[in-house]
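Q: I have a structure here, written as structure tokens, and I will follow up with some questions on it.
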Amino acid sequence: MFEKALSGGRRYWAWIVSLLVVIGVGAACWYWQLSEGLAITGLSRDVVWGFYIAQFTFLVGVAASAVMVVLPYYLHDYRAFGKITILGELLAIAAVIMCMLFIFVDMGMPARILNIFLHPTPSSMMFWDAVALGGYLVLNIVISRVTLGAERRGDPPPHWIKPIIILSIPWAISIHTVTAFLYAGLAARPFWLTAIMAPRFLASAFASGPALLILLALVVRKVSDFDPGRQAIRALATIVTYAMVANVFFVAVELFTALYSGIPEHVSHFAYLFMGLDGEATLAPWMWTSAVLAVVALVLLLNPGSRSSEASLVVACVAVFASLWIDKGLAMVVAGFVPSPLGRVVHYSPTTPELAIGLGIWAAGLLVVTVLFKIALEVRGHLRPRSR
Amino acid sequence: MHDAAKIVGGLVLFAAVMTSPFWYNALTAAPAAAPALDPPPNGSKECVEPRAYMRANHMDLLNEWRDLVVRAGERSYVSTANGRAFDMSLSRTCLDCHSNKADFCDRCHTFMAVDPPCWDCHVEPKEAP
Amino acid sequence: MDASRRGFLKIAGLSLVGAAGGSTLVAAIGEPGMAAESLTADPPASGRRLAMVIDLRKFGHDGELVERCIRACHRAHNVPDFGADRKNEIKWVWAEDFELIFRDEEFRYLRRDLQGKPTLLLCNHCDNPPCTRVCPTKATWRRPADGIVMMDWHRCIGCRYCIVACPYGSRSFNWADPRPHLESPHADFPTRTRGVVEKCTFCEERLARGGQPACVEACADDEIVFGDLNDPGSKVRRLLAEHLAIRRKPGLGTRPEVYYIVEDPRTLVETAPAAVVPGAAENDHV
């Protein structure tokens, strides 16, 4: 099936090559990081997790969002999702690969990564996160390979794949629950020490993932004759709406608890995020942008007219994705460290090589999405081989 | 078989290229001299274990010492050969006798193209002024 | 693909998964100390519980003694000096203002002698350490025999989760190669590499040779006292019984084992050397 990814028109190859260039730049920067150490990033003694881990945290949600198409289709026979389920599963594969790459480039001794499995430590949430992510990757690869392979032969999928697909549903929930648990159980970090962390992760995952899926499906519809169908897009838009409402509500209740209680060690992190502390206000413009984007998204999504119009739906999905990317992919992780346990306000912003490596990994993820989507679409006959 | 000549010819070429290090060295190079290791500068004649054992197993012995010292907190090693007790330390015991790393450890390691990461952390004792 | 080849691949795949999962399970069960560690570890009844008592009455405001302790520690352990570079700095023990270390107290109108007093801080070797709970490889763990929170620099993968989990900021990460920042490393203690986390280990290597921690040895008059809390006759126990001592953020449940005596320095009495009581752990040889 993979040979299908090696044939394509000029547009396809131009896209692939540009992705490879970005990946190449990222790889070169990573090679530099391997020889110089993580000192080339913006991380410091007080802010030890930053851009890489934040991207991983955000992408875990995108990976888990496949469940939002798998669950209705397989558990509730929601036929409208029939065409789009495979795209959700393939997007999950790409997202998990990106998660693993972001963790890998963040490690001080990446050659020792197998120590996590050679010396398993059940008390550590990071151990369980490694197990969950690895298992989820295997699950989605198996599921998409088997179902796509059966489709190509014109057969129905084998019966034993059904329980595996059902397993992927609670497993998807577990991958970002365990990622939330990475943060939510730490007495040292009051900003994260909140029970709403896992529900917030779920809500933002189910908003940002399907939003991305809608955008990808519309792009695919443009470059091929694959059409997920109006009903599928509408259902996904409804899911994004409810999830975004839940997410904004969760943020609001967090703000209430912190600000109303007035406890300094809770208030200070929100103050840092939205207003800056001790002159350090790098994230403030980002936070307000995220808030405005969230409002714009909600206005467009809650209004049935703008939700069903594709043009405004696209704007809403971009707003949702961007708003949540800022929230989880920039703000949440860094704000846990500022102020530090000793009350120190430290500046953090990713350096250029750090961003280049991050961009390279995003390009790698897009490459995986492109290749896998190309294979799937050709198997389904939505792409005719172009005659030169 | 179609194109038999090309296929068989290609296979022969492939085999020749892949085995080239062996037959090239057999035909041209002189046998490499085995590395000569300098004896300990302090004149000590007895190592932790016999020479043949150390040659074959010093890596495993050091790994064992590492886990015993760091993870189990044990520091005393009793030699199976001579019954003496040694402090399990690369820098303080091994390099106490083999104090010139370049003339001892590096000789074989360089010959075998082996780069053990021990020296990233474990410090060589300074050459006596 | 014909049926037999597919069947072979199926069996091969399942065997691989089974082998990987099985060996993980065996490793998890066989790993020493895992069964003993519970999430709410109670202090062991047997064995030693090492702790440190820092008598702030005996530290001045000039920070001279504090500097001596820091230098002794960092020299003994080849800790690199990054100078003014606070981004990449490594510190095992260092000093901050008293009010900063005990921020949660929100001190107002603090007694004069404690205002702005440079106070030593280091790893607290907690009895219920959050850092060891989160380490995915057990590169850091709590030694049941004496309570020391130990580091294995051969195993650390540099994920820095322990730093995230530590409420005290005691740990440092090697962002860069430490060697260029070490003037002359000595062979008595290994340096570390780029990519691993390091911290105070209560000088376990000196304790094993019958010595005391380097910072304790830098003191002249019991400014820092080190010993076994499980020994009722030890100096640390006696100090805690007789003086008011506080710990950093005890409300988090970490049970830190570094105590700070905060009494008024005017309570310091010039004492003659105490009479040696036969059998008492007078010198706390640990």
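Quick note on naming: the chains in the structure tokens go A, B, ... in the order shown, residues restart at 1 in each chain, and ligands are numbered from 1 in order of appearance.
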I need the chain C residues near chain B as a compact mmCIF listing (two decimals) with N, CA and C atoms, in the first residue's frame; criterion: at most 10 Å, counting only C-alpha atoms.

A:
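Printed below is selection-v1.txt as written:
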# COMPACT_ATOMS: atom_id res chain seq x y z
N ASN C 78 33.16 18.38 42.67
CA ASN C 78 33.38 18.82 41.29
C ASN C 78 32.13 19.46 40.69
N LYS C 138 13.80 5.17 38.20
CA LYS C 138 14.44 4.99 39.50
C LYS C 138 15.91 5.40 39.46
N ALA C 139 16.19 6.44 38.69
CA ALA C 139 17.54 7.00 38.74
C ALA C 139 17.73 7.79 40.03
N THR C 140 16.64 8.18 40.65
CA THR C 140 16.71 8.75 41.99
C THR C 140 15.74 7.98 42.86
N TRP C 141 16.18 7.66 44.06
CA TRP C 141 15.35 6.84 44.94
C TRP C 141 15.73 7.14 46.38
N ARG C 143 16.86 5.78 49.88
CA ARG C 143 17.48 4.59 50.45
C ARG C 143 16.77 4.21 51.73
N ALA C 145 17.67 2.28 54.07
CA ALA C 145 18.53 2.03 55.22
C ALA C 145 18.84 3.31 56.00
N MET C 150 19.01 9.37 46.89
CA MET C 150 20.26 9.13 46.16
C MET C 150 20.10 9.38 44.66
N MET C 151 21.21 9.58 43.96
CA MET C 151 21.18 9.79 42.51
C MET C 151 22.04 8.74 41.82
N ASP C 152 21.55 8.20 40.72
CA ASP C 152 22.35 7.30 39.88
C ASP C 152 22.53 7.98 38.53
N TRP C 153 23.73 8.57 38.33
CA TRP C 153 23.94 9.33 37.11
C TRP C 153 24.17 8.47 35.88
N HIS C 154 24.28 7.16 36.09
CA HIS C 154 24.40 6.27 34.95
C HIS C 154 23.05 5.99 34.33
N ASP C 177 27.83 20.93 28.92
CA ASP C 177 28.92 20.13 29.44
C ASP C 177 29.55 20.86 30.63
N PRO C 178 29.60 20.23 31.80
CA PRO C 178 30.14 20.92 32.98
C PRO C 178 31.66 21.08 32.95
N ARG C 179 32.37 20.25 32.20
CA ARG C 179 33.83 20.24 32.29
C ARG C 179 34.48 21.59 32.02
N SER C 184 39.72 22.63 37.95
CA SER C 184 40.58 21.45 37.99
C SER C 184 39.84 20.34 38.74
N PRO C 185 39.11 19.51 37.98
CA PRO C 185 38.37 18.42 38.65
C PRO C 185 39.34 17.44 39.28
N HIS C 186 39.02 17.01 40.47
CA HIS C 186 39.86 16.02 41.14
C HIS C 186 39.23 14.64 41.00
N ALA C 187 40.06 13.62 41.26
CA ALA C 187 39.61 12.25 40.97
C ALA C 187 38.83 11.62 42.11
N ASP C 188 38.63 12.35 43.21
CA ASP C 188 37.96 11.73 44.35
C ASP C 188 36.47 11.56 44.15
N PHE C 189 35.92 12.27 43.20
CA PHE C 189 34.48 12.18 42.97
C PHE C 189 34.27 12.43 41.48
N PRO C 190 33.44 11.62 40.83
CA PRO C 190 33.23 11.84 39.39
C PRO C 190 32.53 13.17 39.14
N THR C 191 32.80 13.74 37.96
CA THR C 191 31.96 14.85 37.52
C THR C 191 30.69 14.22 36.95
N ARG C 192 29.78 15.02 36.49
CA ARG C 192 28.63 14.48 35.79
C ARG C 192 28.72 14.92 34.34
N THR C 193 27.86 14.34 33.48
CA THR C 193 27.85 14.78 32.08
C THR C 193 26.72 15.75 31.85
N ARG C 194 26.78 16.39 30.69
CA ARG C 194 25.64 17.10 30.17
C ARG C 194 24.47 16.13 30.11
N GLU C 204 27.05 10.87 50.78
CA GLU C 204 26.98 9.45 51.16
C GLU C 204 28.33 8.76 50.96
N GLU C 205 29.14 9.28 50.03
CA GLU C 205 30.45 8.65 49.80
C GLU C 205 31.39 8.94 50.97
N ALA C 208 30.23 6.81 53.96
CA ALA C 208 30.65 5.41 53.84
C ALA C 208 32.09 5.23 54.31
N ARG C 209 32.87 6.30 54.26
CA ARG C 209 34.26 6.21 54.71
C ARG C 209 34.41 6.70 56.14

Q: Within 10 Å of Leu120 in chain C, counting only C-alpha atoms, which residues qualify if same-chain residues fewer than 3 places away don't, as a PyMOL selection string?

A: chain C and resi 54+56+59+63+65-67+69-70+93-98+101+117+224+260

Q: If you keep N, CA and C atoms, can you produce a file of those selected residues as a PDB file, in the first residue's frame?

A:
ATOM      1  N   ILE C  54      20.322  22.889  61.073  1.00  0.00           N
ATOM      2  CA  ILE C  54      21.093  24.104  60.806  1.00  0.00           C
ATOM      3  C   ILE C  54      20.743  25.121  61.875  1.00  0.00           C
ATOM      4  N   LEU C  56      20.587  28.459  62.980  1.00  0.00           N
ATOM      5  CA  LEU C  56      20.705  29.794  62.406  1.00  0.00           C
ATOM      6  C   LEU C  56      21.214  30.829  63.407  1.00  0.00           C
ATOM      7  N   PHE C  59      24.821  31.612  62.625  1.00  0.00           N
ATOM      8  CA  PHE C  59      25.215  32.157  61.328  1.00  0.00           C
ATOM      9  C   PHE C  59      25.067  33.666  61.370  1.00  0.00           C
ATOM     10  N   GLY C  63      27.446  36.219  55.724  1.00  0.00           N
ATOM     11  CA  GLY C  63      27.449  35.130  54.767  1.00  0.00           C
ATOM     12  C   GLY C  63      28.787  34.433  54.632  1.00  0.00           C
ATOM     13  N   LEU C  65      30.393  32.192  56.688  1.00  0.00           N
ATOM     14  CA  LEU C  65      30.342  30.752  56.970  1.00  0.00           C
ATOM     15  C   LEU C  65      29.565  30.029  55.878  1.00  0.00           C
ATOM     16  N   VAL C  66      28.501  30.675  55.424  1.00  0.00           N
ATOM     17  CA  VAL C  66      27.667  30.093  54.379  1.00  0.00           C
ATOM     18  C   VAL C  66      28.506  29.864  53.120  1.00  0.00           C
ATOM     19  N   GLU C  67      29.342  30.834  52.779  1.00  0.00           N
ATOM     20  CA  GLU C  67      30.211  30.694  51.599  1.00  0.00           C
ATOM     21  C   GLU C  67      31.188  29.552  51.782  1.00  0.00           C
ATOM     22  N   CYS C  69      30.779  26.832  53.564  1.00  0.00           N
ATOM     23  CA  CYS C  69      30.074  25.555  53.417  1.00  0.00           C
ATOM     24  C   CYS C  69      29.832  25.239  51.943  1.00  0.00           C
ATOM     25  N   ILE C  70      29.392  26.262  51.201  1.00  0.00           N
ATOM     26  CA  ILE C  70      29.103  26.049  49.781  1.00  0.00           C
ATOM     27  C   ILE C  70      30.373  25.659  49.038  1.00  0.00           C
ATOM     28  N   VAL C  93      24.203  23.204  47.211  1.00  0.00           N
ATOM     29  CA  VAL C  93      23.820  23.927  48.409  1.00  0.00           C
ATOM     30  C   VAL C  93      24.116  25.387  48.146  1.00  0.00           C
ATOM     31  N   TRP C  94      23.224  26.251  48.525  1.00  0.00           N
ATOM     32  CA  TRP C  94      23.431  27.666  48.287  1.00  0.00           C
ATOM     33  C   TRP C  94      22.677  28.460  49.348  1.00  0.00           C
ATOM     34  N   ALA C  95      22.712  29.764  49.236  1.00  0.00           N
ATOM     35  CA  ALA C  95      22.100  30.608  50.267  1.00  0.00           C
ATOM     36  C   ALA C  95      21.071  31.535  49.665  1.00  0.00           C
ATOM     37  N   GLU C  96      19.990  31.730  50.397  1.00  0.00           N
ATOM     38  CA  GLU C  96      18.994  32.740  50.042  1.00  0.00           C
ATOM     39  C   GLU C  96      18.626  33.491  51.314  1.00  0.00           C
ATOM     40  N   ASP C  97      17.918  34.585  51.143  1.00  0.00           N
ATOM     41  CA  ASP C  97      17.431  35.313  52.315  1.00  0.00           C
ATOM     42  C   ASP C  97      16.439  34.461  53.081  1.00  0.00           C
ATOM     43  N   PHE C  98      16.457  34.580  54.381  1.00  0.00           N
ATOM     44  CA  PHE C  98      15.596  33.781  55.255  1.00  0.00           C
ATOM     45  C   PHE C  98      14.127  33.902  54.854  1.00  0.00           C
ATOM     46  N   ILE C 101      13.123  31.770  51.836  1.00  0.00           N
ATOM     47  CA  ILE C 101      13.049  30.323  52.021  1.00  0.00           C
ATOM     48  C   ILE C 101      11.741  29.940  52.702  1.00  0.00           C
ATOM     49  N   LYS C 117      18.682  37.372  56.532  1.00  0.00           N
ATOM     50  CA  LYS C 117      19.823  36.532  56.912  1.00  0.00           C
ATOM     51  C   LYS C 117      20.102  35.505  55.817  1.00  0.00           C
ATOM     52  N   ILE C 224      26.193  23.503  61.763  1.00  0.00           N
ATOM     53  CA  ILE C 224      25.367  22.481  61.122  1.00  0.00           C
ATOM     54  C   ILE C 224      25.654  21.175  61.836  1.00  0.00           C
ATOM     55  N   TYR C 260      15.740  23.944  60.721  1.00  0.00           N
ATOM     56  CA  TYR C 260      16.378  25.240  60.947  1.00  0.00           C
ATOM     57  C   TYR C 260      15.998  25.746  62.337  1.00  0.00           C
TER      58      TYR C 260
END

Q: I'd like a table as CSV: residues in chain C with an atom no more than 7 Å from chain A, each row giving the shortest atom pair and its distance in Å to one decimal, only C-alpha atoms counted, sorted by chain and rising residue number.

A:
residue,atom,partner,partner_atom,distance
C:Thr24,CA,A:Phe117,CA,6.6
C:Ala27,CA,A:His119,CA,6.8
C:Ala28,CA,A:Pro120,CA,5.6
C:Lys87,CA,A:Ser44,CA,4.4
C:Asn88,CA,A:Ser44,CA,5.9
C:Glu89,CA,A:Arg45,CA,6.9
C:Leu100,CA,A:Leu342,CA,6.2
C:Ile101,CA,A:Leu342,CA,6.4
C:Arg133,CA,A:Ser123,CA,5.7
C:Val134,CA,A:Ser124,CA,4.2
C:Cys135,CA,A:Ser124,CA,5.9
C:Pro136,CA,A:Phe127,CA,5.2
C:Thr137,CA,A:Ile116,CA,5.2
C:Lys138,CA,A:Thr121,CA,6.8
C:Ile157,CA,A:Met109,CA,4.7
C:Gly158,CA,A:Gly108,CA,4.0
C:Cys159,CA,A:Met107,CA,5.0
C:Arg160,CA,A:Val48,CA,6.8
C:Ala165,CA,A:Ala188,CA,5.6
C:Cys166,CA,A:Ala188,CA,5.8
C:Pro167,CA,A:Ala188,CA,4.0
C:Tyr168,CA,A:Pro341,CA,6.1
C:Gly169,CA,A:Pro341,CA,6.4
C:Ser172,CA,A:Arg45,CA,6.2
C:Phe173,CA,A:Arg45,CA,6.8
C:Trp175,CA,A:Ala39,CA,4.6
C:Ala176,CA,A:Gly37,CA,5.0
C:Arg194,CA,A:Gly37,CA,6.5
C:Gly195,CA,A:Gly108,CA,3.7
C:Val196,CA,A:Gly108,CA,6.1
C:Leu252,CA,A:Ala187,CA,6.2

Q: Got time to write the residues from that selection, C-alpha atoms, as a PDB file, in the first residue's frame?

A:
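Output file part-v7.pdb is given in full below:
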ATOM      1  CA  THR C  24       8.398  -5.704  31.552  1.00  0.00           C
ATOM      2  CA  ALA C  27      11.248  -6.614  35.633  1.00  0.00           C
ATOM      3  CA  ALA C  28       8.554  -4.671  37.460  1.00  0.00           C
ATOM      4  CA  LYS C  87      20.248  30.051  33.418  1.00  0.00           C
ATOM      5  CA  ASN C  88      22.651  27.116  33.407  1.00  0.00           C
ATOM      6  CA  GLU C  89      23.986  27.259  36.967  1.00  0.00           C
ATOM      7  CA  LEU C 100      12.475  33.847  50.792  1.00  0.00           C
ATOM      8  CA  ILE C 101      13.049  30.323  52.021  1.00  0.00           C
ATOM      9  CA  ARG C 133       7.861   9.066  43.171  1.00  0.00           C
ATOM     10  CA  VAL C 134       7.909  10.605  39.707  1.00  0.00           C
ATOM     11  CA  CYS C 135      11.271   9.373  38.403  1.00  0.00           C
ATOM     12  CA  PRO C 136      10.425   6.983  35.536  1.00  0.00           C
ATOM     13  CA  THR C 137      13.638   4.967  35.793  1.00  0.00           C
ATOM     14  CA  LYS C 138      14.440   4.994  39.501  1.00  0.00           C
ATOM     15  CA  ILE C 157      17.614  10.027  31.215  1.00  0.00           C
ATOM     16  CA  GLY C 158      17.478  13.755  31.857  1.00  0.00           C
ATOM     17  CA  CYS C 159      13.702  14.127  31.665  1.00  0.00           C
ATOM     18  CA  ARG C 160      13.803  16.593  34.586  1.00  0.00           C
ATOM     19  CA  ALA C 165       8.216  17.620  41.352  1.00  0.00           C
ATOM     20  CA  CYS C 166      10.607  19.094  43.922  1.00  0.00           C
ATOM     21  CA  PRO C 167       8.859  21.837  45.948  1.00  0.00           C
ATOM     22  CA  TYR C 168      12.175  23.264  47.133  1.00  0.00           C
ATOM     23  CA  GLY C 169      14.131  23.885  43.938  1.00  0.00           C
ATOM     24  CA  SER C 172      19.928  21.259  39.022  1.00  0.00           C
ATOM     25  CA  PHE C 173      20.152  20.026  35.458  1.00  0.00           C
ATOM     26  CA  TRP C 175      22.144  21.977  30.350  1.00  0.00           C
ATOM     27  CA  ALA C 176      25.693  22.077  29.019  1.00  0.00           C
ATOM     28  CA  ARG C 194      25.641  17.099  30.174  1.00  0.00           C
ATOM     29  CA  GLY C 195      22.087  15.807  30.290  1.00  0.00           C
ATOM     30  CA  VAL C 196      21.622  14.521  33.844  1.00  0.00           C
ATOM     31  CA  LEU C 252       2.987  19.454  51.582  1.00  0.00           C
TER      32      LEU C 252
END

Q: Taking 4 positions as the minimum chain separation for residues in the same chain, which residues sit within 6 Å of range 350-367 of chain A when counting only C-alpha atoms? Answer as a list in words.

A: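 The residues that qualify are Leu19, Val22, Ile23, Gly26, Cys29, Thr41, Gly42, Ala94 and Met98 of chain A.
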
Q: Pull N, CA and C atoms from the residues just selected and write them as a PDB file, in the first residue's frame.

A:
ATOM      1  N   LEU A  19       8.083  20.187   3.027  1.00  0.00           N
ATOM      2  CA  LEU A  19       8.085  19.598   4.370  1.00  0.00           C
ATOM      3  C   LEU A  19       9.463  19.043   4.693  1.00  0.00           C
ATOM      4  N   VAL A  22      11.884  21.748   5.766  1.00  0.00           N
ATOM      5  CA  VAL A  22      11.674  22.191   7.160  1.00  0.00           C
ATOM      6  C   VAL A  22      12.186  21.126   8.135  1.00  0.00           C
ATOM      7  N   ILE A  23      11.907  19.861   7.799  1.00  0.00           N
ATOM      8  CA  ILE A  23      12.396  18.778   8.664  1.00  0.00           C
ATOM      9  C   ILE A  23      13.920  18.789   8.695  1.00  0.00           C
ATOM     10  N   GLY A  26      15.192  21.473  10.949  1.00  0.00           N
ATOM     11  CA  GLY A  26      14.966  21.044  12.334  1.00  0.00           C
ATOM     12  C   GLY A  26      15.956  19.986  12.763  1.00  0.00           C
ATOM     13  N   CYS A  29      19.322  21.484  13.475  1.00  0.00           N
ATOM     14  CA  CYS A  29      19.329  22.146  14.789  1.00  0.00           C
ATOM     15  C   CYS A  29      19.354  21.113  15.912  1.00  0.00           C
ATOM     16  N   THR A  41      18.550  25.904  24.236  1.00  0.00           N
ATOM     17  CA  THR A  41      17.142  26.301  24.352  1.00  0.00           C
ATOM     18  C   THR A  41      17.028  27.443  25.351  1.00  0.00           C
ATOM     19  N   GLY A  42      15.808  27.920  25.544  1.00  0.00           N
ATOM     20  CA  GLY A  42      15.581  28.997  26.500  1.00  0.00           C
ATOM     21  C   GLY A  42      15.350  28.506  27.910  1.00  0.00           C
ATOM     22  N   ALA A  94      -0.239  10.239  13.398  1.00  0.00           N
ATOM     23  CA  ALA A  94       0.703  11.347  13.202  1.00  0.00           C
ATOM     24  C   ALA A  94       0.902  12.128  14.492  1.00  0.00           C
ATOM     25  N   MET A  98       4.341  12.695  16.681  1.00  0.00           N
ATOM     26  CA  MET A  98       4.838  14.025  17.064  1.00  0.00           C
ATOM     27  C   MET A  98       5.064  14.118  18.558  1.00  0.00           C
TER      28      MET A  98
END

Q: As a PDB file with N, CA and C atoms, in the first residue's frame, please: all residues of range 27-192 of chain C that backbone DSSP puts in strand (DSSP E or B).

A:
ATOM      1  N   LEU C  50      18.685   9.751  58.628  1.00  0.00           N
ATOM      2  CA  LEU C  50      19.658  10.828  58.675  1.00  0.00           C
ATOM      3  C   LEU C  50      18.966  12.173  58.491  1.00  0.00           C
ATOM      4  N   ALA C  51      19.430  13.149  59.221  1.00  0.00           N
ATOM      5  CA  ALA C  51      18.838  14.473  59.139  1.00  0.00           C
ATOM      6  C   ALA C  51      19.895  15.519  59.454  1.00  0.00           C
ATOM      7  N   MET C  52      19.562  16.758  59.142  1.00  0.00           N
ATOM      8  CA  MET C  52      20.500  17.851  59.353  1.00  0.00           C
ATOM      9  C   MET C  52      19.802  18.951  60.142  1.00  0.00           C
ATOM     10  N   VAL C  53      20.497  19.505  61.121  1.00  0.00           N
ATOM     11  CA  VAL C  53      19.951  20.637  61.866  1.00  0.00           C
ATOM     12  C   VAL C  53      20.872  21.828  61.638  1.00  0.00           C
ATOM     13  N   ILE C  54      20.322  22.889  61.073  1.00  0.00           N
ATOM     14  CA  ILE C  54      21.093  24.104  60.806  1.00  0.00           C
ATOM     15  C   ILE C  54      20.743  25.121  61.875  1.00  0.00           C
ATOM     16  N   ASP C  55      21.721  25.452  62.692  1.00  0.00           N
ATOM     17  CA  ASP C  55      21.481  26.360  63.821  1.00  0.00           C
ATOM     18  C   ASP C  55      21.685  27.800  63.358  1.00  0.00           C
ATOM     19  N   VAL C  93      24.203  23.204  47.211  1.00  0.00           N
ATOM     20  CA  VAL C  93      23.820  23.927  48.409  1.00  0.00           C
ATOM     21  C   VAL C  93      24.116  25.387  48.146  1.00  0.00           C
ATOM     22  N   TRP C  94      23.224  26.251  48.525  1.00  0.00           N
ATOM     23  CA  TRP C  94      23.431  27.666  48.287  1.00  0.00           C
ATOM     24  C   TRP C  94      22.677  28.460  49.348  1.00  0.00           C
ATOM     25  N   ALA C  95      22.712  29.764  49.236  1.00  0.00           N
ATOM     26  CA  ALA C  95      22.100  30.608  50.267  1.00  0.00           C
ATOM     27  C   ALA C  95      21.071  31.535  49.665  1.00  0.00           C
ATOM     28  N   GLU C  96      19.990  31.730  50.397  1.00  0.00           N
ATOM     29  CA  GLU C  96      18.994  32.740  50.042  1.00  0.00           C
ATOM     30  C   GLU C  96      18.626  33.491  51.314  1.00  0.00           C
ATOM     31  N   ASP C  97      17.918  34.585  51.143  1.00  0.00           N
ATOM     32  CA  ASP C  97      17.431  35.313  52.315  1.00  0.00           C
ATOM     33  C   ASP C  97      16.439  34.461  53.081  1.00  0.00           C
ATOM     34  N   PRO C 118      21.348  35.450  55.316  1.00  0.00           N
ATOM     35  CA  PRO C 118      21.666  34.423  54.318  1.00  0.00           C
ATOM     36  C   PRO C 118      21.572  33.036  54.950  1.00  0.00           C
ATOM     37  N   THR C 119      20.697  32.213  54.400  1.00  0.00           N
ATOM     38  CA  THR C 119      20.386  30.913  54.989  1.00  0.00           C
ATOM     39  C   THR C 119      20.672  29.820  53.975  1.00  0.00           C
ATOM     40  N   LEU C 120      21.343  28.781  54.451  1.00  0.00           N
ATOM     41  CA  LEU C 120      21.690  27.676  53.561  1.00  0.00           C
ATOM     42  C   LEU C 120      20.454  26.875  53.176  1.00  0.00           C
ATOM     43  N   LEU C 121      20.391  26.495  51.906  1.00  0.00           N
ATOM     44  CA  LEU C 121      19.369  25.534  51.526  1.00  0.00           C
ATOM     45  C   LEU C 121      19.963  24.473  50.619  1.00  0.00           C
ATOM     46  N   LEU C 122      19.384  23.293  50.703  1.00  0.00           N
ATOM     47  CA  LEU C 122      19.903  22.131  49.997  1.00  0.00           C
ATOM     48  C   LEU C 122      18.773  21.119  49.891  1.00  0.00           C
ATOM     49  N   THR C 140      16.642   8.182  40.655  1.00  0.00           N
ATOM     50  CA  THR C 140      16.714   8.749  41.991  1.00  0.00           C
ATOM     51  C   THR C 140      15.740   7.977  42.864  1.00  0.00           C
ATOM     52  N   TRP C 141      16.183   7.657  44.065  1.00  0.00           N
ATOM     53  CA  TRP C 141      15.350   6.840  44.937  1.00  0.00           C
ATOM     54  C   TRP C 141      15.727   7.142  46.376  1.00  0.00           C
ATOM     55  N   ARG C 142      14.852   6.736  47.265  1.00  0.00           N
ATOM     56  CA  ARG C 142      15.095   6.956  48.679  1.00  0.00           C
ATOM     57  C   ARG C 142      15.665   5.675  49.249  1.00  0.00           C
ATOM     58  N   VAL C 149      18.142  10.451  49.848  1.00  0.00           N
ATOM     59  CA  VAL C 149      17.601  10.437  48.493  1.00  0.00           C
ATOM     60  C   VAL C 149      18.794  10.478  47.550  1.00  0.00           C
ATOM     61  N   MET C 150      19.014   9.366  46.894  1.00  0.00           N
ATOM     62  CA  MET C 150      20.256   9.130  46.161  1.00  0.00           C
ATOM     63  C   MET C 150      20.096   9.384  44.660  1.00  0.00           C
ATOM     64  N   MET C 151      21.208   9.579  43.963  1.00  0.00           N
ATOM     65  CA  MET C 151      21.183   9.786  42.512  1.00  0.00           C
ATOM     66  C   MET C 151      22.040   8.736  41.823  1.00  0.00           C
ATOM     67  N   SER C 172      19.416  20.516  40.178  1.00  0.00           N
ATOM     68  CA  SER C 172      19.928  21.259  39.022  1.00  0.00           C
ATOM     69  C   SER C 172      20.104  20.312  37.857  1.00  0.00           C
ATOM     70  N   PHE C 173      19.971  20.846  36.654  1.00  0.00           N
ATOM     71  CA  PHE C 173      20.152  20.026  35.458  1.00  0.00           C
ATOM     72  C   PHE C 173      21.382  20.515  34.710  1.00  0.00           C
TER      73      PHE C 173
END
